[in-house]
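Note: the block below is protein_32.cif and it holds mmCIF, C-alpha atoms.
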data_structure
#
loop_
_atom_site.label_atom_id
_atom_site.label_comp_id
_atom_site.auth_asym_id
_atom_site.auth_seq_id
_atom_site.Cartn_x
_atom_site.Cartn_y
_atom_site.Cartn_z
CA MET A 1 97.16 42.05 -54.95
CA SER A 2 95.50 44.50 -52.59
CA THR A 3 97.83 47.28 -53.62
CA ARG A 4 95.22 49.37 -55.38
CA THR A 5 93.68 51.10 -52.42
CA PRO A 6 94.48 50.99 -48.75
CA ALA A 7 91.65 49.66 -46.63
CA PRO A 8 89.45 52.57 -45.60
CA GLY A 9 88.82 52.89 -41.88
CA ALA A 10 90.24 50.68 -39.20
CA VAL A 11 89.58 47.29 -40.79
CA PRO A 12 92.12 44.77 -39.45
CA ALA A 13 94.30 44.08 -42.47
CA ARG A 14 94.88 40.37 -41.90
CA SER A 15 91.40 39.30 -40.96
CA THR A 16 90.32 35.97 -42.42
CA ALA A 17 87.28 37.76 -43.85
CA THR A 18 88.89 40.26 -46.19
CA GLY A 19 90.66 39.95 -49.50
CA PRO A 20 90.74 36.35 -50.74
CA GLY A 21 89.00 35.37 -47.51
CA ARG A 22 85.91 37.19 -48.68
CA VAL A 23 85.65 34.80 -51.61
CA LEU A 24 85.97 31.85 -49.27
CA VAL A 25 83.30 33.24 -46.95
CA ALA A 26 81.05 33.74 -50.00
CA VAL A 27 81.53 30.20 -51.30
CA TYR A 28 81.16 28.70 -47.82
CA GLY A 29 78.02 30.76 -47.32
CA VAL A 30 76.51 29.49 -50.56
CA PHE A 31 77.30 25.90 -49.57
CA ALA A 32 75.94 26.42 -46.06
CA LEU A 33 72.71 27.78 -47.48
CA ALA A 34 72.44 25.16 -50.22
CA ALA A 35 73.34 22.20 -48.01
CA SER A 36 71.01 23.20 -45.19
CA ALA A 37 68.11 23.95 -47.53
CA ARG A 38 68.61 20.61 -49.22
CA ALA A 39 69.06 18.71 -45.96
CA GLY A 40 66.00 20.41 -44.49
CA VAL A 41 63.75 19.37 -47.35
CA GLN A 42 65.17 15.85 -47.39
CA LEU A 43 64.98 15.29 -43.65
CA LEU A 44 61.46 16.63 -43.29
CA ARG A 45 60.01 14.88 -46.32
CA ASP A 46 62.08 11.87 -47.34
CA TRP A 47 63.87 10.84 -44.16
CA HIS A 48 62.94 7.19 -44.53
CA GLU A 49 64.36 6.92 -48.07
CA ALA A 50 68.00 7.35 -47.11
CA PRO A 51 68.49 8.23 -43.44
CA LEU A 52 72.28 7.90 -43.57
CA ALA A 53 72.73 10.06 -46.66
CA TYR A 54 70.33 12.72 -45.44
CA GLY A 55 71.78 12.70 -41.94
CA LEU A 56 75.23 13.26 -43.42
CA SER A 57 73.83 16.09 -45.55
CA ALA A 58 72.64 17.75 -42.35
CA VAL A 59 76.07 17.27 -40.73
CA ALA A 60 77.72 18.79 -43.80
CA ALA A 61 75.36 21.75 -43.65
CA ALA A 62 76.24 22.36 -40.00
CA VAL A 63 79.96 22.17 -40.75
CA TYR A 64 79.58 24.68 -43.58
CA TRP A 65 77.72 27.10 -41.31
CA VAL A 66 80.41 26.90 -38.65
CA ALA A 67 83.14 27.43 -41.24
CA THR A 68 81.31 30.39 -42.80
CA VAL A 69 80.72 32.18 -39.52
CA ALA A 70 84.19 31.41 -38.15
CA LEU A 71 85.93 32.68 -41.31
CA ALA A 72 83.73 35.77 -41.42
CA ARG A 73 84.45 36.59 -37.77
CA GLY A 74 88.12 35.63 -37.83
CA ALA A 75 87.78 32.81 -35.31
CA ARG A 76 90.82 30.93 -36.58
CA ALA A 77 90.75 27.93 -34.27
CA VAL A 78 87.07 27.27 -34.96
CA ALA A 79 87.55 27.82 -38.67
CA LEU A 80 90.52 25.44 -38.73
CA THR A 81 88.51 22.78 -36.90
CA ALA A 82 85.50 23.16 -39.20
CA VAL A 83 87.59 23.10 -42.36
CA GLY A 84 89.53 20.09 -41.05
CA VAL A 85 86.32 18.21 -40.22
CA GLU A 86 85.07 19.13 -43.67
CA LEU A 87 88.17 17.72 -45.37
CA VAL A 88 88.03 14.50 -43.36
CA GLY A 89 84.29 14.30 -44.01
CA VAL A 90 84.47 14.71 -47.75
CA LEU A 91 87.33 12.20 -47.99
CA ALA A 92 85.66 9.66 -45.71
CA VAL A 93 82.16 9.97 -47.16
CA GLY A 94 83.56 10.12 -50.70
CA THR A 95 85.51 6.88 -50.20
CA TRP A 96 82.65 5.24 -48.32
CA SER A 97 80.17 6.06 -51.09
CA LEU A 98 82.44 4.44 -53.67
CA VAL A 99 83.18 1.33 -51.59
CA ASP A 100 79.58 0.79 -50.46
CA PRO A 101 77.21 2.56 -52.87
CA ALA A 102 74.25 0.67 -51.39
CA ALA A 103 74.58 2.74 -48.21
CA PHE A 104 73.93 5.88 -50.26
CA PRO A 105 70.77 5.37 -52.30
CA ARG A 106 70.52 9.16 -52.41
CA ALA A 107 73.39 11.56 -52.98
CA THR A 108 74.82 13.79 -50.27
CA VAL A 109 76.96 16.88 -50.70
CA TRP A 110 80.01 14.77 -49.95
CA SER A 111 79.29 11.48 -51.74
CA THR A 112 81.72 10.57 -54.53
CA PHE A 113 83.89 13.46 -53.31
CA GLY A 114 81.27 16.06 -54.14
CA SER A 115 81.03 15.22 -57.84
CA GLY A 116 77.42 16.45 -57.86
CA TYR A 117 78.73 19.90 -57.00
CA GLY A 118 81.60 20.00 -59.48
CA TYR A 119 84.03 18.68 -56.80
CA VAL A 120 83.87 22.07 -55.11
CA PRO A 121 83.27 20.32 -51.74
CA LEU A 122 86.66 18.59 -52.18
CA VAL A 123 88.57 21.68 -53.30
CA LEU A 124 86.98 24.08 -50.80
CA PRO A 125 88.58 22.70 -47.61
CA LEU A 126 91.99 22.68 -49.31
CA LEU A 127 91.54 26.33 -50.24
CA GLY A 128 90.31 27.01 -46.72
CA LEU A 129 93.40 25.44 -45.16
CA ALA A 130 95.68 27.27 -47.59
CA TRP A 131 94.03 30.58 -46.77
CA LEU A 132 94.16 30.04 -43.02
CA TRP A 133 97.85 29.18 -43.38
CA ARG A 134 98.68 32.15 -45.59
CA SER A 135 96.72 34.71 -43.61
CA ARG A 136 98.24 33.42 -40.38
CA ARG A 137 101.74 34.13 -41.67
CA ALA A 138 100.62 37.55 -42.85
CA ALA A 139 99.36 38.19 -39.33
CA ASP A 140 102.96 38.39 -38.14
CA PRO A 141 104.35 41.90 -37.96
CA PRO A 142 105.08 43.10 -41.50
CA PRO A 143 108.70 42.39 -42.43
CA ALA A 144 110.99 45.38 -42.31
CA ALA A 145 112.86 46.50 -45.39
CA SER A 146 116.20 45.29 -44.05
CA VAL A 147 117.10 41.62 -44.00
CA ASP A 148 117.72 41.54 -40.27
CA SER A 149 114.55 43.06 -38.92
CA SER A 150 115.76 42.69 -35.32
CA ALA A 151 118.62 45.12 -35.92
CA PRO A 152 118.02 48.68 -34.76
CA PRO A 153 117.34 51.14 -37.57
CA PRO A 154 120.42 53.01 -38.74
CA ALA A 155 120.87 56.32 -37.01
CA GLY A 156 120.16 59.48 -38.91
CA MET B 9 57.12 30.62 -69.78
CA LEU B 10 59.42 29.74 -66.91
CA ILE B 11 62.12 28.04 -68.94
CA PRO B 12 62.76 31.01 -71.29
CA VAL B 13 63.10 33.27 -68.24
CA ALA B 14 65.56 30.84 -66.66
CA VAL B 15 67.58 30.69 -69.88
CA LEU B 16 67.58 34.49 -70.08
CA ALA B 17 68.70 34.79 -66.44
CA ALA B 18 71.45 32.21 -67.02
CA LEU B 19 72.77 33.98 -70.12
CA LEU B 20 72.77 37.34 -68.36
CA ALA B 21 74.53 35.78 -65.37
CA VAL B 22 77.19 34.25 -67.63
CA ALA B 23 77.77 37.64 -69.25
CA LEU B 24 78.12 39.25 -65.82
CA ALA B 25 80.49 36.45 -64.76
CA ALA B 26 82.68 37.06 -67.81
CA TRP B 27 82.77 40.78 -67.06
CA ALA B 28 83.72 40.12 -63.45
CA ALA B 29 86.36 37.61 -64.55
CA VAL B 30 88.04 40.21 -66.77
CA PHE B 31 88.16 42.59 -63.82
CA ALA B 32 89.50 39.89 -61.50
CA ILE B 33 92.27 39.04 -63.97
CA ARG B 34 93.16 42.72 -64.39
CA ASP B 35 93.36 43.12 -60.61
CA ARG B 36 90.48 45.58 -60.47
CA ALA B 37 87.66 45.98 -57.97
CA VAL B 38 84.00 45.89 -58.97
CA VAL B 39 82.78 49.16 -60.52
CA LEU B 40 79.34 50.70 -60.28
CA ARG B 41 78.47 49.85 -63.87
CA GLN B 42 78.84 46.15 -63.05
CA LEU B 43 76.39 46.57 -60.21
CA TRP B 44 73.89 47.93 -62.73
CA GLY B 45 74.60 44.76 -64.72
CA ALA B 46 73.97 42.74 -61.58
CA ALA B 47 70.68 44.63 -61.16
CA VAL B 48 69.64 43.48 -64.66
CA VAL B 49 70.36 39.85 -63.71
CA GLU B 50 68.46 40.35 -60.47
CA GLY B 51 65.56 41.76 -62.52
CA ALA B 52 65.45 38.55 -64.57
CA LEU B 53 65.40 36.54 -61.32
CA VAL B 54 62.51 38.63 -59.98
CA LEU B 55 60.72 38.06 -63.29
CA GLN B 56 61.25 34.36 -62.72
CA VAL B 57 59.64 34.55 -59.28
CA VAL B 58 56.63 36.38 -60.77
CA ALA B 59 56.37 33.84 -63.60
CA ALA B 60 56.60 30.91 -61.15
CA LEU B 61 53.97 32.46 -58.87
CA LEU B 62 51.57 33.04 -61.78
CA LEU B 63 52.05 29.50 -63.08
CA THR B 64 51.60 28.07 -59.58
CA ILE B 65 48.35 30.02 -59.14
CA ARG B 66 47.18 28.65 -62.50
CA GLY B 67 47.90 25.15 -61.22
CA THR B 68 50.97 24.34 -63.32
CA GLY B 69 53.56 24.82 -60.60
CA PRO B 70 56.89 23.07 -60.08
CA SER B 71 56.93 19.31 -59.61
CA ASP B 72 58.96 19.74 -56.42
CA ALA B 73 57.77 22.99 -54.86
CA ALA B 74 60.02 23.06 -51.75
CA THR B 75 63.23 22.48 -53.67
CA PHE B 76 62.19 24.85 -56.44
CA TRP B 77 61.49 27.76 -54.09
CA GLY B 78 64.66 27.00 -52.18
CA TYR B 79 66.70 27.50 -55.32
CA VAL B 80 64.76 30.54 -56.53
CA ILE B 81 64.97 32.39 -53.21
CA THR B 82 68.64 31.53 -52.68
CA ALA B 83 69.43 32.84 -56.17
CA LEU B 84 67.73 36.14 -55.29
CA LEU B 85 70.00 36.64 -52.26
CA LEU B 86 73.38 36.16 -53.94
CA LEU B 87 73.85 39.33 -55.97
CA PRO B 88 72.75 41.77 -53.23
CA ILE B 89 75.34 40.19 -50.90
CA ALA B 90 78.02 40.35 -53.61
CA ALA B 91 77.11 44.00 -54.24
CA ALA B 92 77.37 44.85 -50.55
CA TRP B 93 80.82 43.24 -50.49
CA ALA B 94 81.83 45.19 -53.58
CA PHE B 95 81.53 48.33 -51.48
CA ALA B 96 83.37 46.86 -48.49
CA GLU B 97 86.21 45.20 -50.40
CA ARG B 98 87.85 47.59 -52.85
CA THR B 99 90.27 45.01 -54.28
CA ARG B 100 90.18 42.42 -57.06
CA TRP B 101 88.60 40.02 -54.59
CA SER B 102 85.27 41.82 -54.89
CA SER B 103 85.41 40.93 -58.59
CA VAL B 104 86.05 37.30 -57.68
CA VAL B 105 83.07 37.34 -55.31
CA LEU B 106 80.87 38.78 -58.06
CA LEU B 107 82.20 36.10 -60.42
CA VAL B 108 81.35 33.36 -57.93
CA ALA B 109 77.85 34.76 -57.38
CA ALA B 110 77.15 35.06 -61.11
CA VAL B 111 78.43 31.55 -61.90
CA THR B 112 76.40 30.15 -59.01
CA ILE B 113 73.27 31.81 -60.38
CA ALA B 114 73.91 30.42 -63.87
CA VAL B 115 74.35 26.89 -62.51
CA MET B 116 71.28 27.28 -60.30
CA GLN B 117 69.15 28.19 -63.33
CA TRP B 118 69.97 24.82 -64.82
CA ARG B 119 68.83 23.15 -61.59
CA VAL B 120 65.74 25.39 -61.44
CA VAL B 121 64.66 24.13 -64.87
CA GLN B 122 65.36 20.53 -63.82
CA VAL B 123 63.32 20.86 -60.65
CA TRP B 124 60.51 22.72 -62.45
CA THR B 125 60.08 20.03 -65.09
CA GLY B 126 60.72 17.15 -62.66
CA GLU B 127 63.99 16.17 -64.37
#
Please lay out the structure from this file as structure tokens.
Amino acid sequence: MSTRTPAPGAVPARSTATGPGRVLVAVYGVFALAASARAGVQLLRDWHEAPLAYGLSAVAAAVYWVATVALARGARAVALTAVGVELVGVLAVGTWSLVDPAAFPRATVWSTFGSGYGYVPLVLPLLGLAWLWRSRRAADPPPAASVDSSAPPPAG
Amino acid sequence: MLIPVAVLAALLAVALAAWAAVFAIRDRAVVLRQLWGAAVVEGALVLQVVAALLLTIRGTGPSDAATFWGYVITALLLLPIAAAWAFAERTRWSSVVLLVAAVTIAVMQWRVVQVWTGE
């Protein structure tokens, strides 16, 4: 994948913010921006219309911001928590909005599992978890060429 | 006046997305020529801002001004960020970021038209 050019400078190779992680940070950033802009307008102007839905939009926006910043800065524990909360949130709110549609007269980012956003809100936390898992394993020392990496290198 | 500009911006963004997708599939990083392409898309978005401002001054602005400007300004930010990352990330993933930005802009144009006309 990243075999074309070695990273210039002293960029840590297994940061959560480089390579595929950069795509995640970008998508999380777009969702953070979109969700907070939307929640801001809704909360300031139409709060009374659907307080639960709009409140949840604001929560979603906050979670996206935390995930974006944590992934960009390589704060794994924070990122894992934010992505986990996001997954639970989209599953819980998605189910809730199907079981009790009356509670959601207005859509949120997470209602009906994010169908209004092409289900990206449902797929994103799964990708986030997969990336955190993969990049964590890559953070181990790179495997040596030999099978038994603990063996001393052959003399000569 | 605004809708043709939005359609133009969306078509240009789709073309840029396709170009970035080819590069992503071929495991190539973004090249400078694509950033010129991104600049063309950005030009269409700036044109949209100018058109929206003129129409608003004339009194035929968007039906939902806050949401409309939210979308328009967010769309303006995406490609510069993707371009900055294209310099920092010299792998195929910069192409994927450009792809994501271009697709997002295309989808946003659809919403921009919706919000402008009041759905």
Using only C-alpha atoms, can you list as an NGL selection string the residues within 12 Å of (66.1, 21.6, -44.0)? (:A and (32-47 or 54-55 or 57-62)) or (:B and (74-75 or 78))
Please provide the set of residues having any atom within 10 Å of Ala70 (chain A), restricted to only C-alpha atoms, with same-chain residues fewer than 2 positions apart removed, written as a ChimeraX atom specification. /A:16-17,25,64-68,72-83
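For the structure shown here, the set of residues caught by the PyMOL selection byres ((chain B and resi 53-55) around 8) is Val13, Ala14, Ala17, Val49, Glu50, Gly51, Ala52, Gln56, Val57, Val58, Ala59, Val80, Ala83 and Leu84 of chain B.
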Run through the PyMOL selection byres ((chain B) within 9 of (chain A)) on the given coordinates and return the selected residues as a list in words. Asp35, Arg36, Ala37, Ala74, Thr75, Gly78, Tyr79, Thr82, Leu86, Ile89, Ala90, Trp93, Ala96, Glu97, Arg98, Thr99, Arg100, Trp101, Ser102, Val104, Val105, Leu106, Val108, Ala109 and Thr112 of chain B
Store the residues picked out above in a file with C-alpha atoms, as a PDB file, in the frame of the given file.
ATOM      1  CA  ASP B  35      93.360  43.120 -60.610  1.00  0.00           C
ATOM      2  CA  ARG B  36      90.480  45.580 -60.470  1.00  0.00           C
ATOM      3  CA  ALA B  37      87.660  45.980 -57.970  1.00  0.00           C
ATOM      4  CA  ALA B  74      60.020  23.060 -51.750  1.00  0.00           C
ATOM      5  CA  THR B  75      63.230  22.480 -53.670  1.00  0.00           C
ATOM      6  CA  GLY B  78      64.660  27.000 -52.180  1.00  0.00           C
ATOM      7  CA  TYR B  79      66.700  27.500 -55.320  1.00  0.00           C
ATOM      8  CA  THR B  82      68.640  31.530 -52.680  1.00  0.00           C
ATOM      9  CA  LEU B  86      73.380  36.160 -53.940  1.00  0.00           C
ATOM     10  CA  ILE B  89      75.340  40.190 -50.900  1.00  0.00           C
ATOM     11  CA  ALA B  90      78.020  40.350 -53.610  1.00  0.00           C
ATOM     12  CA  TRP B  93      80.820  43.240 -50.490  1.00  0.00           C
ATOM     13  CA  ALA B  96      83.370  46.860 -48.490  1.00  0.00           C
ATOM     14  CA  GLU B  97      86.210  45.200 -50.400  1.00  0.00           C
ATOM     15  CA  ARG B  98      87.850  47.590 -52.850  1.00  0.00           C
ATOM     16  CA  THR B  99      90.270  45.010 -54.280  1.00  0.00           C
ATOM     17  CA  ARG B 100      90.180  42.420 -57.060  1.00  0.00           C
ATOM     18  CA  TRP B 101      88.600  40.020 -54.590  1.00  0.00           C
ATOM     19  CA  SER B 102      85.270  41.820 -54.890  1.00  0.00           C
ATOM     20  CA  VAL B 104      86.050  37.300 -57.680  1.00  0.00           C
ATOM     21  CA  VAL B 105      83.070  37.340 -55.310  1.00  0.00           C
ATOM     22  CA  LEU B 106      80.870  38.780 -58.060  1.00  0.00           C
ATOM     23  CA  VAL B 108      81.350  33.360 -57.930  1.00  0.00           C
ATOM     24  CA  ALA B 109      77.850  34.760 -57.380  1.00  0.00           C
ATOM     25  CA  THR B 112      76.400  30.150 -59.010  1.00  0.00           C
TER      26      THR B 112
END
Nearby residues (all atoms listed in the file) at most 12 Å from Gly114 (chain A), same-chain spacing under 3 positions excluded, as a list of chain:residue names: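 Neighbouring residues, sequence-local ones excluded: A:Phe31, A:Ala35, A:Ser57, A:Ala60, A:Glu86, A:Leu87, A:Gly89, A:Val90, A:Leu91, A:Ala92, A:Val93, A:Gly94, A:Thr95, A:Ser97, A:Leu98, A:Ala107, A:Thr108, A:Val109, A:Trp110, A:Ser111, A:Tyr117, A:Gly118, A:Tyr119, A:Val120, A:Pro121, A:Leu122, A:Val123, A:Leu124, A:Pro125.
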When you look at Ala50 (chain A) with a cut-off of 7 Å (counting all atoms listed in the file), what residues show up, excluding the ones that are within fewer than 6 positions of it in the same chain? I need them as a PyMOL selection string. chain A and resi 104-106
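Take CA of Pro12 (chain B) and CA of Val115 (chain B): the distance between them is 15.1 Å.
Ranking A:Val99, A:Ala53, A:Val69, A:Val85 by their shortest atom-to-atom distance to Leu126 (chain A), with only C-alpha atoms included, puts A:Val85 first.
We find CA of Ala23 (chain B) and CA of Gly116 (chain A) to be spaced 24.1 Å apart.
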Please write a file for region 9-126 of chain B, taken from the block I just shared, that holds C-alpha atoms and is laid out as a short mmCIF file (atom, residue, chain, number, x, y, z; two decimals), in the first residue's frame.
data_model
loop_
_atom_site.label_atom_id
_atom_site.label_comp_id
_atom_site.auth_asym_id
_atom_site.auth_seq_id
_atom_site.Cartn_x
_atom_site.Cartn_y
_atom_site.Cartn_z
CA MET B 9 -28.99 31.19 -11.86
CA LEU B 10 -28.01 29.28 -8.74
CA ILE B 11 -29.21 25.87 -9.84
CA PRO B 12 -27.14 25.77 -13.07
CA VAL B 13 -24.05 26.71 -11.06
CA ALA B 14 -24.80 23.94 -8.56
CA VAL B 15 -25.27 21.42 -11.37
CA LEU B 16 -22.00 22.56 -12.95
CA ALA B 17 -20.15 22.26 -9.63
CA ALA B 18 -21.64 18.80 -9.06
CA LEU B 19 -20.63 17.55 -12.51
CA LEU B 20 -17.11 18.90 -12.11
CA ALA B 21 -16.88 17.32 -8.66
CA VAL B 22 -18.03 13.96 -10.05
CA ALA B 23 -15.37 14.17 -12.76
CA LEU B 24 -12.72 14.96 -10.15
CA ALA B 25 -13.99 12.07 -8.00
CA ALA B 26 -13.68 9.66 -10.93
CA TRP B 27 -10.14 10.87 -11.60
CA ALA B 28 -9.20 10.42 -7.95
CA ALA B 29 -10.84 6.98 -7.90
CA VAL B 30 -8.69 5.82 -10.82
CA PHE B 31 -5.59 6.96 -8.94
CA ALA B 32 -6.73 5.30 -5.72
CA ILE B 33 -7.30 2.01 -7.54
CA ARG B 34 -3.91 2.24 -9.23
CA ASP B 35 -2.25 2.86 -5.87
CA ARG B 36 -1.06 6.33 -6.81
CA ALA B 37 -0.89 9.54 -4.79
CA VAL B 38 -2.59 12.75 -5.89
CA VAL B 39 -0.65 14.61 -8.61
CA LEU B 40 -0.44 18.34 -9.15
CA ARG B 41 -2.66 18.25 -12.22
CA GLN B 42 -5.51 16.91 -10.08
CA LEU B 43 -5.08 19.84 -7.73
CA TRP B 44 -5.59 22.14 -10.72
CA GLY B 45 -8.77 20.14 -11.36
CA ALA B 46 -9.74 20.67 -7.74
CA ALA B 47 -9.11 24.40 -8.23
CA VAL B 48 -11.62 24.39 -11.12
CA VAL B 49 -14.24 22.76 -8.86
CA GLU B 50 -13.41 25.28 -6.14
CA GLY B 51 -13.87 28.05 -8.74
CA ALA B 52 -17.39 26.80 -9.46
CA LEU B 53 -18.12 26.81 -5.71
CA VAL B 54 -16.86 30.40 -5.40
CA LEU B 55 -19.07 31.30 -8.36
CA GLN B 56 -21.95 29.76 -6.45
CA VAL B 57 -21.23 31.95 -3.41
CA VAL B 58 -21.16 35.05 -5.64
CA ALA B 59 -24.42 34.00 -7.35
CA ALA B 60 -26.10 33.32 -3.98
CA LEU B 61 -24.93 36.67 -2.59
CA LEU B 62 -26.21 38.56 -5.64
CA LEU B 63 -29.57 36.78 -5.52
CA THR B 64 -29.85 37.39 -1.77
CA ILE B 65 -29.14 41.11 -2.26
CA ARG B 66 -31.84 41.18 -4.94
CA GLY B 67 -34.24 39.66 -2.42
CA THR B 68 -34.56 36.16 -3.90
CA GLY B 69 -32.33 34.39 -1.40
CA PRO B 70 -32.52 30.82 -0.08
CA SER B 71 -35.65 29.71 1.73
CA ASP B 72 -33.52 28.52 4.65
CA ALA B 73 -30.59 30.91 4.84
CA ALA B 74 -28.72 29.40 7.83
CA THR B 75 -28.72 25.87 6.44
CA PHE B 76 -27.91 27.08 2.94
CA TRP B 77 -24.83 29.05 4.01
CA GLY B 78 -23.77 26.20 6.24
CA TYR B 79 -23.63 23.89 3.26
CA VAL B 80 -22.04 26.41 0.91
CA ILE B 81 -19.26 27.39 3.32
CA THR B 82 -18.54 23.79 4.34
CA ALA B 83 -18.26 22.83 0.66
CA LEU B 84 -15.68 25.60 0.17
CA LEU B 85 -13.45 24.17 2.93
CA LEU B 86 -13.23 20.57 1.74
CA LEU B 87 -10.95 20.74 -1.29
CA PRO B 88 -8.30 23.02 0.30
CA ILE B 89 -8.01 20.53 3.19
CA ALA B 90 -7.81 17.59 0.77
CA ALA B 91 -5.13 19.45 -1.21
CA ALA B 92 -3.10 20.13 1.92
CA TRP B 93 -3.27 16.43 2.76
CA ALA B 94 -2.21 15.53 -0.76
CA PHE B 95 1.13 17.16 0.01
CA ALA B 96 1.45 15.52 3.43
CA GLU B 97 0.38 12.01 2.43
CA ARG B 98 2.25 10.77 -0.62
CA THR B 99 0.39 7.46 -0.87
CA ARG B 100 -2.83 6.25 -2.49
CA TRP B 101 -4.69 7.43 0.59
CA SER B 102 -4.38 11.03 -0.54
CA SER B 103 -6.32 9.97 -3.64
CA VAL B 104 -8.98 8.41 -1.42
CA VAL B 105 -9.22 11.64 0.59
CA LEU B 106 -9.63 13.64 -2.62
CA LEU B 107 -12.28 11.14 -3.75
CA VAL B 108 -14.17 11.54 -0.47
CA ALA B 109 -14.00 15.34 -0.68
CA ALA B 110 -15.20 15.42 -4.29
CA VAL B 111 -18.08 12.99 -3.66
CA THR B 112 -19.09 14.98 -0.58
CA ILE B 113 -19.19 18.17 -2.64
CA ALA B 114 -21.31 16.52 -5.33
CA VAL B 115 -23.81 15.26 -2.75
CA MET B 116 -23.83 18.64 -1.01
CA GLN B 117 -24.77 20.37 -4.28
CA TRP B 118 -27.92 18.30 -4.38
CA ARG B 119 -28.74 19.43 -0.84
CA VAL B 120 -27.81 23.03 -1.70
CA VAL B 121 -30.41 23.03 -4.48
CA GLN B 122 -32.98 21.46 -2.14
CA VAL B 123 -32.39 24.04 0.57
CA TRP B 124 -32.33 26.90 -1.95
CA THR B 125 -35.70 26.00 -3.43
CA GLY B 126 -37.21 24.95 -0.08
#
